[in-house]
Amino acid sequence: MAGKVKWVTDIEKSVLINNFEKRGWVQVTENEDWNFYWMSVQTIRNVFSVETGYRLSDDQIVNHFPNHYELTRKDLMVKNIKRYRKELEKEGSPLAEKDENGKYLYLDFVPVTYMLPADYNLFVEEFRKSPSSTWIMKPCGKAQGKGIFLINKLSQIKKWSRDSKTSSFVTQSTKEAYVISLYINNPLLIGGRKFDLRLYVLVSTYRPLRCYMYKLGFCRFCTVKYTPSTSELDNMFVHLTNVAIQKHGEDYNHIHGGKWTVNNLRLYLESTRGKEVTGKLFDEIHWIVVQSLKAVAVNASPSLTSSTANDRILKYNLINDTLNIAVPNGEIPDCKWNKSPPKEVLGNYEILSCAFLRRPGARMLMERGGYDEELAQGDGADRELRSRQGQSLGPRGGRSRDSGRTVLTTWK
Ligand SMILES: Nc1ncnc2c1ncn2[C@@H]1O[C@H](COP(=O)(O)OP(=O)(O)OP(=O)(O)O)[C@@H](O)[C@H]1O
Ligand SMILES: [Mg+2]
């Protein structure tokens with residue numbers, strides 16, 4: 001389609017604007033015709049609310065799916081994953097297989113979680129089964145570690161419950177609803193410190209699901225060494241890996257921001273734990289990403305603020321690679337597009353097509369990049385899993401892209 005992409009954003013971030021300008025795209029305001037709108041989550045909620053009833057036209061594209069909160073809000077994520085498991089179980093899918101203790105073999109990737117105050121009684125029942133465990137309380141609608149605390153005594157939660165019950169108005173509002181999850185008290189440590197991962201996943205379509213993992217995600221470290229000791233239960237520098245929390249710590253490093261690239265993590269793990277186990281770990285991470293996306297229709301809104309120079313470069317490149325996939329060749333978008341990009345345009349993204357395999361010894365190479373449901377269904381995800389049970393695979397796990405029933409659209 002001829003013409004230049006007309007863009008608009010309500011997020012004044014140089015990593016976005018520089019990318020649009022580099023492509024020679026034309027900036028417009030939201031009231032004019034636009035093709036590409038990079039919006040904040042508030043804007044997407046307003047624009048696509050029932051009242052406005054806004055619908056995208058064929059040549060418009062936005063950076064969120066309207067129901068992104070199905071995965072990003074803590075209570076909804078848990079609900080959706082629980083429902084997804086149940087559905088698979090009902091269908092008799094091998095993905096929903098359980099071990100002799102009734103634990104999911106492949107779908108056990110969310111710690112035991114309850115909604116509070118709604119599931120208070122269920123939680124108490126579970127708590128009493130293992131009274132020495134620690135639990136983590138998180139407000140459903142908050143982020144960046146805000147409002148999170150740890151508990152290991154029922155009295156702490158009883159007080160919280162009493163307080164919220166006396167105010168029925170507050171209990172109704174989602175702001176005051178919490179999730180409580182079993183605290184994972186034996187995390188993998190590096191240099192004695194706890195860390196988590198910021199992984200960027202681009203979802204270009206849900207029907208069929210097609211998603212890409214950015215190879216340059218990063219690890220975020222705590223500034224204080226980890227201890228499961230209950231005397232440190234209130235010390236959030238030990239337990240919460242969020243940069244928003246850690247940057248207030250005395251030992252926070254403002255140059256590298258307590259971050260490591262995922263690639264560094266991989267190399268570190270390969271040298272300390274071995275290649276095979278590291279590969280399996282990353283396959284399992286990819287598996288979780290795909291399964292979570294399949295459980296919902298979703299999006300996420302990772303911070304585009306750059307806290308260090310490297311951060312800025314990373315985020316600029318992230319947006320650059322994202323736009324290359326989402327708006328191929330910088331053309332005006334067309335809703336009828338159904339393009340699977342060739343490897344050359346993926347930049348630092350990889351397709352999550354191999355994420356079905358988490359069998360030891362059946363590690364699939366992720367080099368083809370991203371998860372493509374059409375490709376996966378060419379073989380049938382379930383069948384793929386079934387056929388691999390007890391069967392050892394070659395390094396490429398069998399099929400080639402061309403052998404699937406899906407004919408991929410040419411990438412212009
Ligand atoms: N079940 C758990 N066990 C151990 N640590 C946890 C657990 N849940 C959360 N944490 C720690 O707390 C941090 C914050 O939790 P989480 O990421 O769920 O909330 P958030 O960062 O406030 O919100 P969001 O990630 O949705 O923006 C995590 O990065 C992790 O370090
Ligand atoms: Mg978080």
# chains A, B, ... in the order shown; residues from 1 in each chain; ligands from 1
>>> residues_near_ligand(ligand="ligand 1", cutoff="6 Å", atoms="only C-alpha atoms and all ligand atoms", output="MDAnalysis selection string")
chainID A and resid 72 111 142:146 181:184 196 239:242
>>> write_last_selection(atoms="N, CA, C and O atoms", output="compact mmCIF listing (two decimals), in the first residue's frame")
# COMPACT_ATOMS: atom_id res chain seq x y z
N THR A 72 -2.15 -9.50 32.83
CA THR A 72 -1.28 -8.64 33.64
C THR A 72 -1.85 -8.37 35.03
O THR A 72 -1.12 -7.98 35.91
N PRO A 111 2.53 -20.73 41.59
CA PRO A 111 2.45 -21.20 42.98
C PRO A 111 1.00 -21.20 43.46
O PRO A 111 0.18 -20.43 42.95
N LYS A 142 -1.93 -3.59 41.49
CA LYS A 142 -0.73 -2.75 41.56
C LYS A 142 0.45 -3.44 40.88
O LYS A 142 0.41 -4.63 40.59
N ALA A 143 1.54 -2.66 40.70
CA ALA A 143 2.73 -3.20 40.04
C ALA A 143 3.96 -2.67 40.76
O ALA A 143 3.84 -1.96 41.76
N GLN A 144 5.13 -3.03 40.24
CA GLN A 144 6.42 -2.52 40.75
C GLN A 144 6.63 -2.84 42.23
O GLN A 144 7.27 -2.08 42.94
N GLY A 145 6.09 -3.92 42.69
CA GLY A 145 6.30 -4.36 44.07
C GLY A 145 5.47 -3.58 45.10
O GLY A 145 5.59 -3.82 46.30
N LYS A 146 4.60 -2.67 44.60
CA LYS A 146 3.84 -1.83 45.54
C LYS A 146 2.84 -2.64 46.36
O LYS A 146 2.11 -3.47 45.81
N SER A 181 -0.05 -15.90 47.57
CA SER A 181 0.60 -17.05 46.92
C SER A 181 1.62 -17.66 47.85
O SER A 181 2.24 -16.95 48.66
N LEU A 182 1.79 -18.94 47.69
CA LEU A 182 2.84 -19.60 48.43
C LEU A 182 4.17 -18.96 48.03
O LEU A 182 4.42 -18.75 46.84
N TYR A 183 4.97 -18.60 49.03
CA TYR A 183 6.23 -17.93 48.74
C TYR A 183 7.28 -18.97 48.34
O TYR A 183 7.46 -19.96 49.05
N ILE A 184 7.93 -18.74 47.22
CA ILE A 184 8.98 -19.68 46.78
C ILE A 184 10.23 -19.30 47.56
O ILE A 184 10.85 -18.26 47.30
N ASP A 196 14.91 -11.76 39.19
CA ASP A 196 13.83 -12.21 38.31
C ASP A 196 14.14 -11.81 36.88
O ASP A 196 15.19 -11.24 36.60
N HIS A 239 13.69 -9.76 49.36
CA HIS A 239 12.67 -10.63 48.77
C HIS A 239 12.07 -10.16 47.45
O HIS A 239 11.62 -10.97 46.66
N LEU A 240 12.03 -8.84 47.23
CA LEU A 240 11.39 -8.34 46.01
C LEU A 240 12.43 -7.83 45.03
O LEU A 240 13.22 -6.95 45.36
N THR A 241 12.42 -8.37 43.84
CA THR A 241 13.47 -8.04 42.87
C THR A 241 13.17 -6.77 42.06
O THR A 241 14.01 -6.34 41.29
N ASN A 242 12.02 -6.18 42.24
CA ASN A 242 11.65 -5.01 41.42
C ASN A 242 12.68 -3.88 41.51
O ASN A 242 13.09 -3.51 42.61
>>> select_by_dssp(residues="segment 90-337 of chain A", states="alpha helix (DSSP H)", output="JSON, numbers by chain")
{"A": [90, 91, 120, 121, 122, 123, 124, 125, 126, 127, 128, 129, 154, 155, 156, 157, 158, 159, 160, 161, 162, 163, 164, 165, 168, 169, 170, 171, 172, 236, 237, 238, 239, 243, 244, 245, 246, 262, 263, 264, 265, 266, 267, 268, 269, 270, 271, 272, 273, 275, 276, 277, 278, 279, 280, 281, 282, 283, 284, 285, 286, 287, 288, 289, 290, 291, 292, 293, 294, 295, 309, 310, 311, 312, 313, 314, 315, 316, 317, 318, 319, 320, 321, 322, 323, 324, 325, 326]}
>>> write_last_selection(atoms="C-alpha atoms", output="PDB file, in the first residue's frame")
ATOM      1  CA  LYS A  90     -11.901 -31.852  30.381  1.00  0.00           C
ATOM      2  CA  GLU A  91     -10.712 -32.311  26.817  1.00  0.00           C
ATOM      3  CA  TYR A 120     -10.108 -16.632  52.793  1.00  0.00           C
ATOM      4  CA  ASN A 121     -11.477 -19.928  54.171  1.00  0.00           C
ATOM      5  CA  LEU A 122      -9.822 -22.002  51.478  1.00  0.00           C
ATOM      6  CA  PHE A 123      -6.556 -20.241  52.193  1.00  0.00           C
ATOM      7  CA  VAL A 124      -6.781 -20.945  55.934  1.00  0.00           C
ATOM      8  CA  GLU A 125      -7.389 -24.612  55.222  1.00  0.00           C
ATOM      9  CA  GLU A 126      -4.289 -24.731  53.018  1.00  0.00           C
ATOM     10  CA  PHE A 127      -2.223 -22.706  55.483  1.00  0.00           C
ATOM     11  CA  ARG A 128      -2.963 -25.145  58.283  1.00  0.00           C
ATOM     12  CA  LYS A 129      -1.649 -28.042  56.203  1.00  0.00           C
ATOM     13  CA  LEU A 154      -2.252 -16.678  60.450  1.00  0.00           C
ATOM     14  CA  SER A 155      -2.642 -13.841  62.944  1.00  0.00           C
ATOM     15  CA  GLN A 156      -1.131 -11.434  60.399  1.00  0.00           C
ATOM     16  CA  ILE A 157      -3.707 -12.304  57.812  1.00  0.00           C
ATOM     17  CA  LYS A 158      -6.558 -12.454  60.306  1.00  0.00           C
ATOM     18  CA  LYS A 159      -5.918  -8.862  61.212  1.00  0.00           C
ATOM     19  CA  TRP A 160      -5.847  -7.883  57.547  1.00  0.00           C
ATOM     20  CA  SER A 161      -9.060  -9.816  56.932  1.00  0.00           C
ATOM     21  CA  ARG A 162     -10.861  -8.210  59.890  1.00  0.00           C
ATOM     22  CA  ASP A 163      -9.842  -4.763  58.746  1.00  0.00           C
ATOM     23  CA  SER A 164     -11.073  -5.291  55.197  1.00  0.00           C
ATOM     24  CA  LYS A 165     -14.313  -6.985  56.282  1.00  0.00           C
ATOM     25  CA  SER A 168     -17.506  -3.572  52.716  1.00  0.00           C
ATOM     26  CA  PHE A 169     -17.021  -0.721  50.249  1.00  0.00           C
ATOM     27  CA  VAL A 170     -13.269  -1.285  50.186  1.00  0.00           C
ATOM     28  CA  THR A 171     -13.656  -5.052  49.794  1.00  0.00           C
ATOM     29  CA  GLN A 172     -15.745  -4.571  46.678  1.00  0.00           C
ATOM     30  CA  MET A 236      11.911  -6.118  50.875  1.00  0.00           C
ATOM     31  CA  PHE A 237      15.484  -5.633  49.591  1.00  0.00           C
ATOM     32  CA  VAL A 238      15.940  -9.360  50.244  1.00  0.00           C
ATOM     33  CA  HIS A 239      12.671 -10.630  48.767  1.00  0.00           C
ATOM     34  CA  VAL A 243      13.945  -2.174  40.324  1.00  0.00           C
ATOM     35  CA  ALA A 244      11.378   0.255  41.767  1.00  0.00           C
ATOM     36  CA  ILE A 245      12.133  -1.250  45.200  1.00  0.00           C
ATOM     37  CA  GLN A 246      15.837  -2.014  44.819  1.00  0.00           C
ATOM     38  CA  VAL A 262      19.449 -13.096  29.718  1.00  0.00           C
ATOM     39  CA  ASN A 263      22.325 -14.145  27.487  1.00  0.00           C
ATOM     40  CA  ASN A 264      24.746 -13.590  30.352  1.00  0.00           C
ATOM     41  CA  LEU A 265      22.489 -15.650  32.560  1.00  0.00           C
ATOM     42  CA  ARG A 266      22.492 -18.409  30.002  1.00  0.00           C
ATOM     43  CA  LEU A 267      26.287 -18.438  29.721  1.00  0.00           C
ATOM     44  CA  TYR A 268      26.632 -18.364  33.484  1.00  0.00           C
ATOM     45  CA  LEU A 269      24.248 -21.271  33.925  1.00  0.00           C
ATOM     46  CA  GLU A 270      25.834 -23.264  31.117  1.00  0.00           C
ATOM     47  CA  SER A 271      29.231 -22.952  32.779  1.00  0.00           C
ATOM     48  CA  THR A 272      28.023 -23.665  36.313  1.00  0.00           C
ATOM     49  CA  ARG A 273      25.219 -26.170  35.692  1.00  0.00           C
ATOM     50  CA  LYS A 275      24.368 -26.969  28.781  1.00  0.00           C
ATOM     51  CA  GLU A 276      21.657 -29.565  28.878  1.00  0.00           C
ATOM     52  CA  VAL A 277      19.990 -28.419  32.051  1.00  0.00           C
ATOM     53  CA  THR A 278      20.266 -24.788  30.941  1.00  0.00           C
ATOM     54  CA  GLY A 279      18.652 -25.578  27.624  1.00  0.00           C
ATOM     55  CA  LYS A 280      15.857 -27.391  29.402  1.00  0.00           C
ATOM     56  CA  LEU A 281      15.328 -24.424  31.700  1.00  0.00           C
ATOM     57  CA  PHE A 282      14.969 -22.013  28.780  1.00  0.00           C
ATOM     58  CA  ASP A 283      12.644 -24.368  26.925  1.00  0.00           C
ATOM     59  CA  GLU A 284      10.489 -24.531  30.008  1.00  0.00           C
ATOM     60  CA  ILE A 285      10.429 -20.750  30.266  1.00  0.00           C
ATOM     61  CA  HIS A 286       9.289 -20.560  26.650  1.00  0.00           C
ATOM     62  CA  TRP A 287       6.712 -23.233  27.356  1.00  0.00           C
ATOM     63  CA  ILE A 288       5.278 -21.178  30.213  1.00  0.00           C
ATOM     64  CA  VAL A 289       5.078 -18.094  28.015  1.00  0.00           C
ATOM     65  CA  VAL A 290       3.127 -19.896  25.318  1.00  0.00           C
ATOM     66  CA  GLN A 291       0.816 -21.641  27.777  1.00  0.00           C
ATOM     67  CA  SER A 292       0.096 -18.367  29.599  1.00  0.00           C
ATOM     68  CA  LEU A 293      -0.773 -16.694  26.312  1.00  0.00           C
ATOM     69  CA  LYS A 294      -2.971 -19.573  25.332  1.00  0.00           C
ATOM     70  CA  ALA A 295      -4.770 -19.223  28.660  1.00  0.00           C
ATOM     71  CA  ALA A 309      22.613   4.052  28.933  1.00  0.00           C
ATOM     72  CA  ASN A 310      22.504   0.361  28.041  1.00  0.00           C
ATOM     73  CA  ASP A 311      18.849   0.290  28.883  1.00  0.00           C
ATOM     74  CA  ARG A 312      18.158   3.017  26.358  1.00  0.00           C
ATOM     75  CA  ILE A 313      19.985   1.142  23.611  1.00  0.00           C
ATOM     76  CA  LEU A 314      18.194  -2.062  24.475  1.00  0.00           C
ATOM     77  CA  LYS A 315      14.769  -0.474  24.487  1.00  0.00           C
ATOM     78  CA  TYR A 316      15.380   1.441  21.272  1.00  0.00           C
ATOM     79  CA  ASN A 317      16.403  -1.806  19.557  1.00  0.00           C
ATOM     80  CA  LEU A 318      13.484  -3.625  21.116  1.00  0.00           C
ATOM     81  CA  ILE A 319      11.029  -1.148  19.596  1.00  0.00           C
ATOM     82  CA  ASN A 320      12.899  -1.230  16.307  1.00  0.00           C
ATOM     83  CA  ASP A 321      12.622  -5.027  16.051  1.00  0.00           C
ATOM     84  CA  THR A 322       8.998  -4.881  17.239  1.00  0.00           C
ATOM     85  CA  LEU A 323       8.042  -2.441  14.502  1.00  0.00           C
ATOM     86  CA  ASN A 324       9.853  -4.516  11.880  1.00  0.00           C
ATOM     87  CA  ILE A 325       7.582  -7.439  12.717  1.00  0.00           C
ATOM     88  CA  ALA A 326       4.363  -5.555  13.462  1.00  0.00           C
TER      89      ALA A 326
END
>>> atom_distance(atom1="atom CA of Phe149 of chain A", atom2="atom CA of Ile136 of chain A")
5.9 Å
>>> closest_residue(among="A:Trp135, A:Tyr104, A:Phe195, A:Tyr114", to="ligand 2", atoms="only C-alpha atoms and all ligand atoms")
A:Phe195
>>> atom_distance(atom1="atom CA of Lys138 of chain A", atom2="atom CA of Thr113 of chain A")
10.6 Å
>>> select_by_dssp(residues="segment 49-237 of chain A", states="strand (DSSP E)", output="NGL selection string")
:A and (61-62 or 113-116 or 135-139 or 149-151 or 178-182 or 195-198 or 201-206 or 209-214 or 218-221)
>>> write_last_selection(atoms="N, CA and C atoms", output="mmCIF file, in the first residue's frame")
data_model
loop_
_atom_site.group_PDB
_atom_site.id
_atom_site.type_symbol
_atom_site.label_atom_id
_atom_site.label_comp_id
_atom_site.auth_asym_id
_atom_site.auth_seq_id
_atom_site.Cartn_x
_atom_site.Cartn_y
_atom_site.Cartn_z
ATOM 1 N N ILE A 61 -3.368 0.079 13.545
ATOM 2 C CA ILE A 61 -2.722 -0.916 14.394
ATOM 3 C C ILE A 61 -2.370 -0.236 15.729
ATOM 4 N N VAL A 62 -2.523 -0.947 16.816
ATOM 5 C CA VAL A 62 -2.161 -0.410 18.140
ATOM 6 C C VAL A 62 -1.245 -1.409 18.844
ATOM 7 N N THR A 113 -2.264 -20.286 44.830
ATOM 8 C CA THR A 113 -2.695 -18.886 44.995
ATOM 9 C C THR A 113 -4.187 -18.807 45.303
ATOM 10 N N TYR A 114 -4.540 -17.899 46.197
ATOM 11 C CA TYR A 114 -5.950 -17.636 46.502
ATOM 12 C C TYR A 114 -6.229 -16.159 46.378
ATOM 13 N N MET A 115 -7.499 -15.852 46.114
ATOM 14 C CA MET A 115 -7.919 -14.452 46.098
ATOM 15 C C MET A 115 -8.357 -14.107 47.519
ATOM 16 N N LEU A 116 -7.989 -12.935 47.954
ATOM 17 C CA LEU A 116 -8.441 -12.494 49.272
ATOM 18 C C LEU A 116 -9.169 -11.165 49.136
ATOM 19 N N TRP A 135 3.975 -16.996 52.965
ATOM 20 C CA TRP A 135 3.086 -16.610 51.869
ATOM 21 C C TRP A 135 3.348 -15.159 51.500
ATOM 22 N N ILE A 136 3.035 -14.827 50.253
ATOM 23 C CA ILE A 136 3.250 -13.453 49.792
ATOM 24 C C ILE A 136 1.906 -12.836 49.403
ATOM 25 N N MET A 137 1.646 -11.650 49.932
ATOM 26 C CA MET A 137 0.382 -10.932 49.686
ATOM 27 C C MET A 137 0.637 -9.834 48.670
ATOM 28 N N LYS A 138 -0.189 -9.797 47.626
ATOM 29 C CA LYS A 138 0.003 -8.760 46.594
ATOM 30 C C LYS A 138 -1.330 -8.140 46.209
ATOM 31 N N PRO A 139 -1.390 -6.820 46.190
ATOM 32 C CA PRO A 139 -2.629 -6.173 45.729
ATOM 33 C C PRO A 139 -2.829 -6.486 44.243
ATOM 34 N N PHE A 149 3.654 -7.695 50.728
ATOM 35 C CA PHE A 149 4.306 -8.080 51.985
ATOM 36 C C PHE A 149 4.235 -9.584 52.193
ATOM 37 N N LEU A 150 5.102 -10.060 53.080
ATOM 38 C CA LEU A 150 5.196 -11.503 53.338
ATOM 39 C C LEU A 150 4.601 -11.817 54.709
ATOM 40 N N ILE A 151 3.982 -12.977 54.825
ATOM 41 C CA ILE A 151 3.446 -13.372 56.127
ATOM 42 C C ILE A 151 3.787 -14.839 56.392
ATOM 43 N N TYR A 178 -6.656 -8.716 47.103
ATOM 44 C CA TYR A 178 -5.285 -9.221 47.083
ATOM 45 C C TYR A 178 -5.256 -10.630 46.529
ATOM 46 N N VAL A 179 -4.070 -11.037 46.059
ATOM 47 C CA VAL A 179 -3.834 -12.471 45.886
ATOM 48 C C VAL A 179 -2.815 -12.859 46.941
ATOM 49 N N ILE A 180 -2.945 -14.076 47.416
ATOM 50 C CA ILE A 180 -1.931 -14.590 48.339
ATOM 51 C C ILE A 180 -1.372 -15.867 47.717
ATOM 52 N N SER A 181 -0.052 -15.904 47.568
ATOM 53 C CA SER A 181 0.596 -17.050 46.922
ATOM 54 C C SER A 181 1.618 -17.658 47.851
ATOM 55 N N LEU A 182 1.792 -18.939 47.685
ATOM 56 C CA LEU A 182 2.844 -19.604 48.430
ATOM 57 C C LEU A 182 4.166 -18.956 48.028
ATOM 58 N N PHE A 195 16.929 -12.980 41.943
ATOM 59 C CA PHE A 195 16.715 -12.156 40.746
ATOM 60 C C PHE A 195 15.456 -12.630 40.028
ATOM 61 N N ASP A 196 14.910 -11.756 39.185
ATOM 62 C CA ASP A 196 13.826 -12.215 38.307
ATOM 63 C C ASP A 196 14.136 -11.811 36.878
ATOM 64 N N LEU A 197 13.263 -12.150 35.971
ATOM 65 C CA LEU A 197 13.531 -11.915 34.556
ATOM 66 C C LEU A 197 12.522 -10.946 33.965
ATOM 67 N N ARG A 198 13.023 -10.006 33.203
ATOM 68 C CA ARG A 198 12.147 -9.174 32.372
ATOM 69 C C ARG A 198 12.278 -9.718 30.962
ATOM 70 N N VAL A 201 7.878 -10.260 25.232
ATOM 71 C CA VAL A 201 7.240 -11.170 24.286
ATOM 72 C C VAL A 201 6.316 -10.341 23.397
ATOM 73 N N LEU A 202 6.529 -10.457 22.108
ATOM 74 C CA LEU A 202 5.675 -9.748 21.153
ATOM 75 C C LEU A 202 4.608 -10.711 20.652
ATOM 76 N N VAL A 203 3.344 -10.303 20.786
ATOM 77 C CA VAL A 203 2.259 -11.127 20.241
ATOM 78 C C VAL A 203 1.700 -10.374 19.052
ATOM 79 N N SER A 204 1.853 -10.931 17.854
ATOM 80 C CA SER A 204 1.380 -10.188 16.680
ATOM 81 C C SER A 204 -0.049 -10.575 16.329
ATOM 82 N N THR A 205 -0.471 -11.780 16.621
ATOM 83 C CA THR A 205 -1.880 -12.140 16.458
ATOM 84 C C THR A 205 -2.239 -13.178 17.516
ATOM 85 N N TYR A 206 -3.512 -13.198 17.868
ATOM 86 C CA TYR A 206 -4.013 -14.257 18.747
ATOM 87 C C TYR A 206 -4.680 -15.373 17.980
ATOM 88 N N LEU A 209 -2.440 -17.784 17.277
ATOM 89 C CA LEU A 209 -1.442 -17.224 18.185
ATOM 90 C C LEU A 209 -0.066 -17.258 17.534
ATOM 91 N N ARG A 210 0.555 -16.079 17.510
ATOM 92 C CA ARG A 210 1.919 -16.017 16.969
ATOM 93 C C ARG A 210 2.706 -15.103 17.894
ATOM 94 N N CYS A 211 3.744 -15.624 18.504
ATOM 95 C CA CYS A 211 4.468 -14.805 19.475
ATOM 96 C C CYS A 211 5.970 -15.013 19.378
ATOM 97 N N TYR A 212 6.676 -13.993 19.809
ATOM 98 C CA TYR A 212 8.126 -13.939 19.642
ATOM 99 C C TYR A 212 8.770 -13.556 20.967
ATOM 100 N N MET A 213 9.877 -14.176 21.263
ATOM 101 C CA MET A 213 10.621 -13.853 22.481
ATOM 102 C C MET A 213 11.819 -12.989 22.112
ATOM 103 N N TYR A 214 11.980 -11.881 22.807
ATOM 104 C CA TYR A 214 13.134 -11.020 22.555
ATOM 105 C C TYR A 214 14.346 -11.612 23.273
ATOM 106 N N PHE A 218 16.290 -9.202 30.351
ATOM 107 C CA PHE A 218 17.344 -9.092 31.368
ATOM 108 C C PHE A 218 16.905 -9.614 32.736
ATOM 109 N N CYS A 219 17.921 -9.852 33.562
ATOM 110 C CA CYS A 219 17.689 -10.303 34.939
ATOM 111 C C CYS A 219 17.824 -9.076 35.837
ATOM 112 N N ARG A 220 17.013 -9.028 36.886
ATOM 113 C CA ARG A 220 17.091 -7.899 37.827
ATOM 114 C C ARG A 220 17.401 -8.450 39.210
ATOM 115 N N PHE A 221 18.483 -7.959 39.759
ATOM 116 C CA PHE A 221 18.984 -8.539 41.007
ATOM 117 C C PHE A 221 18.594 -7.737 42.241
#
>>> atom_distance(atom1="atom CA of Thr29 of chain A", atom2="atom CA of Glu12 of chain A")
13.2 Å
>>> closest_residue(among="A:Gly53, A:Pro117, A:Pro94, A:Gly141", to="ligand 2", atoms="only C-alpha atoms and all ligand atoms")
A:Gly141
>>> closest_residue(among="A:Lys98, A:Lys4, A:His64, A:Ile148", to="ligand 2", atoms="only C-alpha atoms and all ligand atoms")
A:Ile148
>>> residues_around(residues="Val26 of chain A", least_positions_apart="4", cutoff="7 Å", atoms="only C-alpha atoms", output="number ranges by chain")
A: 4-7
>>> write_last_selection(atoms="N, CA, C and O atoms", output="PDB file, in the first residue's frame")
ATOM      1  N   LYS A   4       2.767   7.029   3.542  1.00  0.00           N
ATOM      2  CA  LYS A   4       3.585   6.867   4.749  1.00  0.00           C
ATOM      3  C   LYS A   4       2.711   6.568   5.953  1.00  0.00           C
ATOM      4  O   LYS A   4       1.599   7.083   6.067  1.00  0.00           O
ATOM      5  N   VAL A   5       3.242   5.779   6.842  1.00  0.00           N
ATOM      6  CA  VAL A   5       2.501   5.446   8.054  1.00  0.00           C
ATOM      7  C   VAL A   5       2.348   6.698   8.902  1.00  0.00           C
ATOM      8  O   VAL A   5       3.308   7.423   9.149  1.00  0.00           O
ATOM      9  N   LYS A   6       1.110   6.956   9.346  1.00  0.00           N
ATOM     10  CA  LYS A   6       0.866   8.107  10.217  1.00  0.00           C
ATOM     11  C   LYS A   6       0.794   7.608  11.647  1.00  0.00           C
ATOM     12  O   LYS A   6      -0.028   6.750  11.962  1.00  0.00           O
ATOM     13  N   TRP A   7       1.671   8.151  12.488  1.00  0.00           N
ATOM     14  CA  TRP A   7       1.755   7.618  13.842  1.00  0.00           C
ATOM     15  C   TRP A   7       1.366   8.640  14.892  1.00  0.00           C
ATOM     16  O   TRP A   7       1.454   9.856  14.676  1.00  0.00           O
TER      17      TRP A   7
END
>>> closest_residue(among="A:Cys335, A:Ser306, A:Leu56, A:Ser133", to="Thr230 of chain A", atoms="only C-alpha atoms")
A:Ser133
>>> closest_residue(among="A:Leu71, A:Ala118, A:Leu88, A:Met77", to="Val298 of chain A", atoms="only C-alpha atoms")
A:Leu71
